[in-house]
Amino acid sequence: MTKRIAIVLPTLPTYRKDFFELLNQSFLTKDMEFVVFHGTTTTKMVKSSDNNQFKELCFETKENKYGGYTITYLKGMLPAIKNYKPDGVVFLFNPAIFSFWSVLWYCRRRKIPYAIWSCGYVRPELSGIVKQLRESVLYQVLRKAKIHICYGHLYKQYLLSKKILPRNIFVAQNTINVEKILNQNFSPEFSRVQGHIKVLYVGALIRNKKLEAVMLAVRNLRQKGYAIEFIIVGGGKILNELQNFVVENKMESYIEIVGPKYGEELVTYFLNADVFLLAGSGGLAINEAMAYGLPVISTVGDGTVADLIDQNGFLLKQFGDIEEISGKLEKFILLNPEVRLGMSFQSKNKIKEKASLQNMVDNYTQACIKLLETGKV
């Protein structure tokens, strides 16, 4: 008899489409199936009309604000999950979504085993009693989960520190379909001029990305005589604010904000850059950049990046630290061009070894098999 798993997400963003289609193929070989249950709080999401090769159900998301915090409710999700009658449930858990708690309580009442799929990221603005309360509540959810699926090894170490048994932890390195890029064997057109560097950022334009800090770091290096440019590709809430920041600080000659680009439109930007830089919260654009062969300078972000940067770049210890960003960029600029080219090959090898989509699907499948083997709790 085919076993059923409900995968419960806040939203279903477009970058998950390839993952779930490949996961569906994997499940079919194991006499398993899944349905993705998700909300609607993002405009860049997979739709039923996208000819998906997997099953998904979308629920209208209702939001209510209480004292600066947003509590959400996915209308009709719980009845739909009850009707599906899953043998196991996987949560990309968000404690601010009330519907997730109702599904969790349903699992406990019906003794349905559940897994938590997470990176373990905590927003840096959370602190004090709010952060402590969140950690305390989440720990109760974590310790009762039968299986844990981690974005990367950093979160696995956190779970081990909380006395979660190693046999119940699976690392399905969070990624996108990097195989599509690797199979085309792109080669970036790196600058061969010492000191001339094009820095690239691709992603959402939000405050936690710390883009102003990067701009100021680039300005510092320009003032020291380096020929360095910063190209920002993306859209978001602070697009106009960033554009004004560039004008006010007279940085138009070396800072370019090109707005949102998608799919094939991005290829040229990745191929013309020398290094990808992320100074704030994480993003899967790092995986994309590495598949194109770019060295990377980044924070650990949500923790996933810690598995990806070694000899192919530099890790930043702090979010948005102008001095640290300047120092890492200068160190990169001063590298011999042949060394930078070597970092390019290392990026490609690392992403292929650690974060291919197939690896993610294989490990996720094994975690779900183990979840079903736990049976009734």
# chains A, B, ... in the order shown; residues from 1 in each chain; ligands from 1
>>> residues_around(residues="segment 305-317 of chain A", least_positions_apart="5", cutoff="8 Å", atoms="only C-alpha atoms", output="list in words")
Gly152, His153, Leu154, Ala279, Gly282, Ile286, Pro295, Val296, Ile297, Ser298, Thr299, Val300, Glu324, Ile325, Lys328, Gly342, Met343, Ser344, Gln346, Ser347, Lys350, Ile351 and Lys354 of chain A
>>> residues_around(residues="Leu28 of chain A", least_positions_apart="2", cutoff="12 Å", atoms="only C-alpha atoms", output="list of chain:residue names")
A:Thr2, A:Lys3, A:Arg4, A:Glu21, A:Leu22, A:Leu23, A:Asn24, A:Gln25, A:Ser26, A:Lys30, A:Asp31, A:Met32, A:Glu33, A:Phe34, A:Gln53, A:Phe54, A:Thr365
>>> write_last_selection(atoms="N, CA and C atoms", output="PDB file, in the first residue's frame")
ATOM      1  N   THR A   2       0.564   2.205  -0.873  1.00  0.00           N
ATOM      2  CA  THR A   2       1.358   3.427  -0.990  1.00  0.00           C
ATOM      3  C   THR A   2       1.265   4.268   0.275  1.00  0.00           C
ATOM      4  N   LYS A   3       2.417   4.678   0.805  1.00  0.00           N
ATOM      5  CA  LYS A   3       2.466   5.521   1.992  1.00  0.00           C
ATOM      6  C   LYS A   3       2.381   6.991   1.592  1.00  0.00           C
ATOM      7  N   ARG A   4       1.693   7.779   2.419  1.00  0.00           N
ATOM      8  CA  ARG A   4       1.454   9.182   2.101  1.00  0.00           C
ATOM      9  C   ARG A   4       2.176  10.110   3.078  1.00  0.00           C
ATOM     10  N   GLU A  21       9.610  18.151  -8.137  1.00  0.00           N
ATOM     11  CA  GLU A  21       9.400  17.266  -9.281  1.00  0.00           C
ATOM     12  C   GLU A  21      10.361  16.083  -9.239  1.00  0.00           C
ATOM     13  N   LEU A  22      11.610  16.341  -8.883  1.00  0.00           N
ATOM     14  CA  LEU A  22      12.575  15.243  -8.772  1.00  0.00           C
ATOM     15  C   LEU A  22      12.268  14.373  -7.558  1.00  0.00           C
ATOM     16  N   LEU A  23      11.808  14.998  -6.468  1.00  0.00           N
ATOM     17  CA  LEU A  23      11.420  14.228  -5.277  1.00  0.00           C
ATOM     18  C   LEU A  23      10.248  13.304  -5.596  1.00  0.00           C
ATOM     19  N   ASN A  24       9.319  13.766  -6.389  1.00  0.00           N
ATOM     20  CA  ASN A  24       8.175  12.949  -6.774  1.00  0.00           C
ATOM     21  C   ASN A  24       8.632  11.694  -7.521  1.00  0.00           C
ATOM     22  N   GLN A  25       9.606  11.854  -8.420  1.00  0.00           N
ATOM     23  CA  GLN A  25      10.150  10.702  -9.137  1.00  0.00           C
ATOM     24  C   GLN A  25      10.800   9.716  -8.179  1.00  0.00           C
ATOM     25  N   SER A  26      11.517  10.249  -7.194  1.00  0.00           N
ATOM     26  CA  SER A  26      12.171   9.398  -6.205  1.00  0.00           C
ATOM     27  C   SER A  26      11.150   8.630  -5.377  1.00  0.00           C
ATOM     28  N   LYS A  30       9.750   4.241  -4.488  1.00  0.00           N
ATOM     29  CA  LYS A  30       9.717   3.704  -3.123  1.00  0.00           C
ATOM     30  C   LYS A  30       8.297   3.382  -2.661  1.00  0.00           C
ATOM     31  N   ASP A  31       7.343   3.392  -3.589  1.00  0.00           N
ATOM     32  CA  ASP A  31       5.932   3.175  -3.256  1.00  0.00           C
ATOM     33  C   ASP A  31       5.461   4.193  -2.217  1.00  0.00           C
ATOM     34  N   MET A  32       5.828   5.457  -2.446  1.00  0.00           N
ATOM     35  CA  MET A  32       5.455   6.572  -1.585  1.00  0.00           C
ATOM     36  C   MET A  32       4.884   7.694  -2.449  1.00  0.00           C
ATOM     37  N   GLU A  33       4.134   8.583  -1.808  1.00  0.00           N
ATOM     38  CA  GLU A  33       3.657   9.776  -2.493  1.00  0.00           C
ATOM     39  C   GLU A  33       3.620  10.928  -1.504  1.00  0.00           C
ATOM     40  N   PHE A  34       3.533  12.155  -2.047  1.00  0.00           N
ATOM     41  CA  PHE A  34       3.407  13.312  -1.160  1.00  0.00           C
ATOM     42  C   PHE A  34       2.507  14.354  -1.808  1.00  0.00           C
ATOM     43  N   GLN A  53       4.785  18.495 -11.975  1.00  0.00           N
ATOM     44  CA  GLN A  53       4.789  17.034 -11.953  1.00  0.00           C
ATOM     45  C   GLN A  53       4.789  16.535 -10.512  1.00  0.00           C
ATOM     46  N   PHE A  54       4.047  17.203  -9.677  1.00  0.00           N
ATOM     47  CA  PHE A  54       3.829  16.789  -8.291  1.00  0.00           C
ATOM     48  C   PHE A  54       2.510  17.409  -7.832  1.00  0.00           C
ATOM     49  N   THR A 365      14.662  11.897   0.664  1.00  0.00           N
ATOM     50  CA  THR A 365      13.901  10.654   0.513  1.00  0.00           C
ATOM     51  C   THR A 365      14.226   9.680   1.634  1.00  0.00           C
TER      52      THR A 365
END
>>> atom_distance(atom1="atom CA of Ala285 of chain A", atom2="atom CA of Tyr201 of chain A")
8.3 Å
>>> closest_atom_pairs(of="segment 294-367 of chain A", to="segment 172-177 of chain A", cutoff="7 Å", atoms="only C-alpha atoms", output="CSV")
residue,atom,partner,partner_atom,distance
A:Thr304,CA,A:Asn174,CA,6.9
A:Ala355,CA,A:Gln173,CA,5.7
A:Ser356,CA,A:Thr175,CA,6.8
A:Leu357,CA,A:Asn177,CA,5.3
A:Met360,CA,A:Ala172,CA,4.5
A:Asn363,CA,A:Ala172,CA,5.2
A:Tyr364,CA,A:Ala172,CA,5.6
>>> closest_residue(among="A:Leu271, A:Val199, A:Ile333, A:Leu371", to="Ala6 of chain A", atoms="only C-alpha atoms")
A:Leu371
>>> select_by_dssp(residues="segment 89-183 of chain A", states="helix (DSSP H, G or I)", output="PyMOL selection string")
chain A and resi 98-110+128-144+153-161+166-168+178-182
>>> write_last_selection(atoms="C-alpha atoms", output="short mmCIF file (atom, residue, chain, number, x, y, z; two decimals), in the first residue's frame")
data_model
loop_
_atom_site.label_atom_id
_atom_site.label_comp_id
_atom_site.auth_asym_id
_atom_site.auth_seq_id
_atom_site.Cartn_x
_atom_site.Cartn_y
_atom_site.Cartn_z
CA PHE A 98 -1.18 29.32 13.66
CA SER A 99 -2.31 26.64 11.19
CA PHE A 100 0.96 24.78 11.67
CA TRP A 101 0.21 24.41 15.36
CA SER A 102 -3.24 23.01 14.63
CA VAL A 103 -1.72 20.45 12.22
CA LEU A 104 0.92 19.60 14.83
CA TRP A 105 -1.74 18.98 17.48
CA TYR A 106 -3.65 16.84 14.97
CA CYS A 107 -0.51 14.72 14.43
CA ARG A 108 -0.12 14.22 18.16
CA ARG A 109 -3.77 13.28 18.68
CA ARG A 110 -3.71 10.82 15.79
CA GLY A 128 16.02 39.07 25.00
CA ILE A 129 12.90 37.42 26.34
CA VAL A 130 11.28 37.17 22.89
CA LYS A 131 14.20 35.11 21.57
CA GLN A 132 14.29 32.96 24.71
CA LEU A 133 10.55 32.29 24.51
CA ARG A 134 10.81 31.37 20.85
CA GLU A 135 13.68 28.95 21.51
CA SER A 136 11.83 27.37 24.43
CA VAL A 137 8.67 26.82 22.42
CA LEU A 138 10.52 25.51 19.39
CA TYR A 139 12.54 23.10 21.51
CA GLN A 140 9.31 21.41 22.58
CA VAL A 141 8.44 20.93 18.91
CA LEU A 142 11.93 19.72 18.01
CA ARG A 143 12.29 17.15 20.76
CA LYS A 144 9.01 15.45 19.85
CA HIS A 153 25.67 20.58 8.81
CA LEU A 154 25.74 23.69 11.00
CA TYR A 155 22.14 23.13 12.02
CA LYS A 156 22.89 19.44 12.55
CA GLN A 157 25.51 20.44 15.12
CA TYR A 158 22.90 22.60 16.88
CA LEU A 159 20.48 19.67 17.06
CA LEU A 160 23.20 17.41 18.44
CA SER A 161 23.87 20.00 21.15
CA PRO A 166 22.30 11.43 15.39
CA ARG A 167 20.37 8.58 13.76
CA ASN A 168 17.31 10.83 13.52
CA VAL A 178 22.54 23.57 -10.13
CA GLU A 179 22.87 20.63 -12.51
CA LYS A 180 21.15 22.71 -15.21
CA ILE A 181 23.97 25.24 -15.00
CA LEU A 182 26.84 22.80 -14.49
#
>>> residues_around(residues="segment 232-249 of chain A", least_positions_apart="4", cutoff="8 Å", atoms="only C-alpha atoms", output="list in words")
Leu200, Tyr201, Val202, Gly203, Ala204, Leu205, Ile206, Arg207, Glu212, Ile255, Glu256, Ile257, Val258, Gly259, Pro260 and Lys261 of chain A
>>> write_last_selection(atoms="C-alpha atoms", output="PDB file, in the first residue's frame")
ATOM      1  CA  LEU A 200      27.960  40.850  -8.012  1.00  0.00           C
ATOM      2  CA  TYR A 201      24.904  40.515  -5.801  1.00  0.00           C
ATOM      3  CA  VAL A 202      21.719  38.771  -6.970  1.00  0.00           C
ATOM      4  CA  GLY A 203      18.667  38.469  -4.759  1.00  0.00           C
ATOM      5  CA  ALA A 204      15.928  40.256  -2.879  1.00  0.00           C
ATOM      6  CA  LEU A 205      16.512  43.898  -1.997  1.00  0.00           C
ATOM      7  CA  ILE A 206      15.728  43.920   1.710  1.00  0.00           C
ATOM      8  CA  ARG A 207      17.477  45.459   4.717  1.00  0.00           C
ATOM      9  CA  GLU A 212      24.476  49.742   1.787  1.00  0.00           C
ATOM     10  CA  ILE A 255      27.532  51.062  -8.378  1.00  0.00           C
ATOM     11  CA  GLU A 256      24.880  49.722 -10.764  1.00  0.00           C
ATOM     12  CA  ILE A 257      21.388  48.655  -9.656  1.00  0.00           C
ATOM     13  CA  VAL A 258      19.755  46.898 -12.603  1.00  0.00           C
ATOM     14  CA  GLY A 259      16.474  45.802 -10.989  1.00  0.00           C
ATOM     15  CA  PRO A 260      14.896  42.324 -11.054  1.00  0.00           C
ATOM     16  CA  LYS A 261      16.063  39.768 -13.633  1.00  0.00           C
TER      17      LYS A 261
END
>>> closest_atom_pairs(of="segment 75-97 of chain A", to="segment 10-17 of chain A", cutoff="10 Å", atoms="only C-alpha atoms", output="CSV")
residue,atom,partner,partner_atom,distance
A:Phe91,CA,A:Pro10,CA,9.1
A:Leu92,CA,A:Pro10,CA,7.2
A:Phe93,CA,A:Pro10,CA,7.9
A:Asn94,CA,A:Pro10,CA,7.3
A:Ala96,CA,A:Pro10,CA,9.9
A:Ile97,CA,A:Pro10,CA,7.7
>>> select_by_dssp(residues="segment 41-116 of chain A", states="strand (DSSP E)", output="PyMOL selection string")
chain A and resi 55-58+61-66+69-74+88-91+114-116
>>> write_last_selection(atoms="N, CA and C atoms", output="PDB file, in the first residue's frame")
ATOM      1  N   LYS A  55       1.996  16.902  -6.725  1.00  0.00           N
ATOM      2  CA  LYS A  55       0.702  17.376  -6.238  1.00  0.00           C
ATOM      3  C   LYS A  55       0.911  18.470  -5.192  1.00  0.00           C
ATOM      4  N   GLU A  56       0.101  19.523  -5.281  1.00  0.00           N
ATOM      5  CA  GLU A  56       0.171  20.599  -4.294  1.00  0.00           C
ATOM      6  C   GLU A  56      -1.211  21.206  -4.094  1.00  0.00           C
ATOM      7  N   LEU A  57      -1.442  21.681  -2.891  1.00  0.00           N
ATOM      8  CA  LEU A  57      -2.687  22.353  -2.545  1.00  0.00           C
ATOM      9  C   LEU A  57      -2.346  23.697  -1.921  1.00  0.00           C
ATOM     10  N   CYS A  58      -2.947  24.746  -2.450  1.00  0.00           N
ATOM     11  CA  CYS A  58      -2.651  26.110  -2.003  1.00  0.00           C
ATOM     12  C   CYS A  58      -3.808  26.643  -1.165  1.00  0.00           C
ATOM     13  N   THR A  61      -3.719  32.717   2.612  1.00  0.00           N
ATOM     14  CA  THR A  61      -3.067  33.098   3.864  1.00  0.00           C
ATOM     15  C   THR A  61      -3.694  34.371   4.418  1.00  0.00           C
ATOM     16  N   LYS A  62      -4.155  34.295   5.649  1.00  0.00           N
ATOM     17  CA  LYS A  62      -4.701  35.449   6.355  1.00  0.00           C
ATOM     18  C   LYS A  62      -3.681  35.921   7.371  1.00  0.00           C
ATOM     19  N   GLU A  63      -3.425  37.223   7.428  1.00  0.00           N
ATOM     20  CA  GLU A  63      -2.430  37.777   8.345  1.00  0.00           C
ATOM     21  C   GLU A  63      -3.075  38.748   9.322  1.00  0.00           C
ATOM     22  N   ASN A  64      -2.635  38.664  10.581  1.00  0.00           N
ATOM     23  CA  ASN A  64      -3.065  39.596  11.621  1.00  0.00           C
ATOM     24  C   ASN A  64      -1.845  40.059  12.398  1.00  0.00           C
ATOM     25  N   LYS A  65      -1.781  41.352  12.665  1.00  0.00           N
ATOM     26  CA  LYS A  65      -0.636  41.916  13.383  1.00  0.00           C
ATOM     27  C   LYS A  65      -1.004  42.170  14.836  1.00  0.00           C
ATOM     28  N   TYR A  66      -0.116  41.744  15.736  1.00  0.00           N
ATOM     29  CA  TYR A  66      -0.294  41.941  17.169  1.00  0.00           C
ATOM     30  C   TYR A  66       1.006  42.489  17.755  1.00  0.00           C
ATOM     31  N   TYR A  69       4.104  41.956  15.690  1.00  0.00           N
ATOM     32  CA  TYR A  69       4.320  40.599  15.204  1.00  0.00           C
ATOM     33  C   TYR A  69       3.152  40.172  14.323  1.00  0.00           C
ATOM     34  N   THR A  70       3.451  39.402  13.292  1.00  0.00           N
ATOM     35  CA  THR A  70       2.430  38.952  12.360  1.00  0.00           C
ATOM     36  C   THR A  70       2.097  37.485  12.616  1.00  0.00           C
ATOM     37  N   ILE A  71       0.845  37.204  12.875  1.00  0.00           N
ATOM     38  CA  ILE A  71       0.355  35.842  13.058  1.00  0.00           C
ATOM     39  C   ILE A  71      -0.453  35.485  11.821  1.00  0.00           C
ATOM     40  N   THR A  72      -0.146  34.349  11.213  1.00  0.00           N
ATOM     41  CA  THR A  72      -0.832  33.977   9.982  1.00  0.00           C
ATOM     42  C   THR A  72      -1.645  32.700  10.143  1.00  0.00           C
ATOM     43  N   TYR A  73      -2.616  32.583   9.256  1.00  0.00           N
ATOM     44  CA  TYR A  73      -3.523  31.440   9.275  1.00  0.00           C
ATOM     45  C   TYR A  73      -3.780  31.007   7.844  1.00  0.00           C
ATOM     46  N   LEU A  74      -3.592  29.734   7.546  1.00  0.00           N
ATOM     47  CA  LEU A  74      -3.807  29.208   6.208  1.00  0.00           C
ATOM     48  C   LEU A  74      -5.191  28.567   6.159  1.00  0.00           C
ATOM     49  N   GLY A  88       2.656  10.301   7.499  1.00  0.00           N
ATOM     50  CA  GLY A  88       3.692  11.113   8.110  1.00  0.00           C
ATOM     51  C   GLY A  88       3.571  12.542   7.605  1.00  0.00           C
ATOM     52  N   VAL A  89       4.112  13.474   8.382  1.00  0.00           N
ATOM     53  CA  VAL A  89       4.046  14.893   8.016  1.00  0.00           C
ATOM     54  C   VAL A  89       5.437  15.502   8.146  1.00  0.00           C
ATOM     55  N   VAL A  90       5.826  16.317   7.160  1.00  0.00           N
ATOM     56  CA  VAL A  90       7.081  17.065   7.203  1.00  0.00           C
ATOM     57  C   VAL A  90       6.744  18.552   7.243  1.00  0.00           C
ATOM     58  N   PHE A  91       7.222  19.238   8.269  1.00  0.00           N
ATOM     59  CA  PHE A  91       6.980  20.668   8.428  1.00  0.00           C
ATOM     60  C   PHE A  91       8.224  21.486   8.087  1.00  0.00           C
ATOM     61  N   TYR A 114       6.000  13.007  12.795  1.00  0.00           N
ATOM     62  CA  TYR A 114       6.310  14.181  11.990  1.00  0.00           C
ATOM     63  C   TYR A 114       7.807  14.471  12.000  1.00  0.00           C
ATOM     64  N   ALA A 115       8.230  15.172  10.958  1.00  0.00           N
ATOM     65  CA  ALA A 115       9.622  15.603  10.812  1.00  0.00           C
ATOM     66  C   ALA A 115       9.657  17.122  10.717  1.00  0.00           C
ATOM     67  N   ILE A 116      10.756  17.704  11.181  1.00  0.00           N
ATOM     68  CA  ILE A 116      10.980  19.139  11.047  1.00  0.00           C
ATOM     69  C   ILE A 116      12.086  19.354  10.015  1.00  0.00           C
TER      70      ILE A 116
END
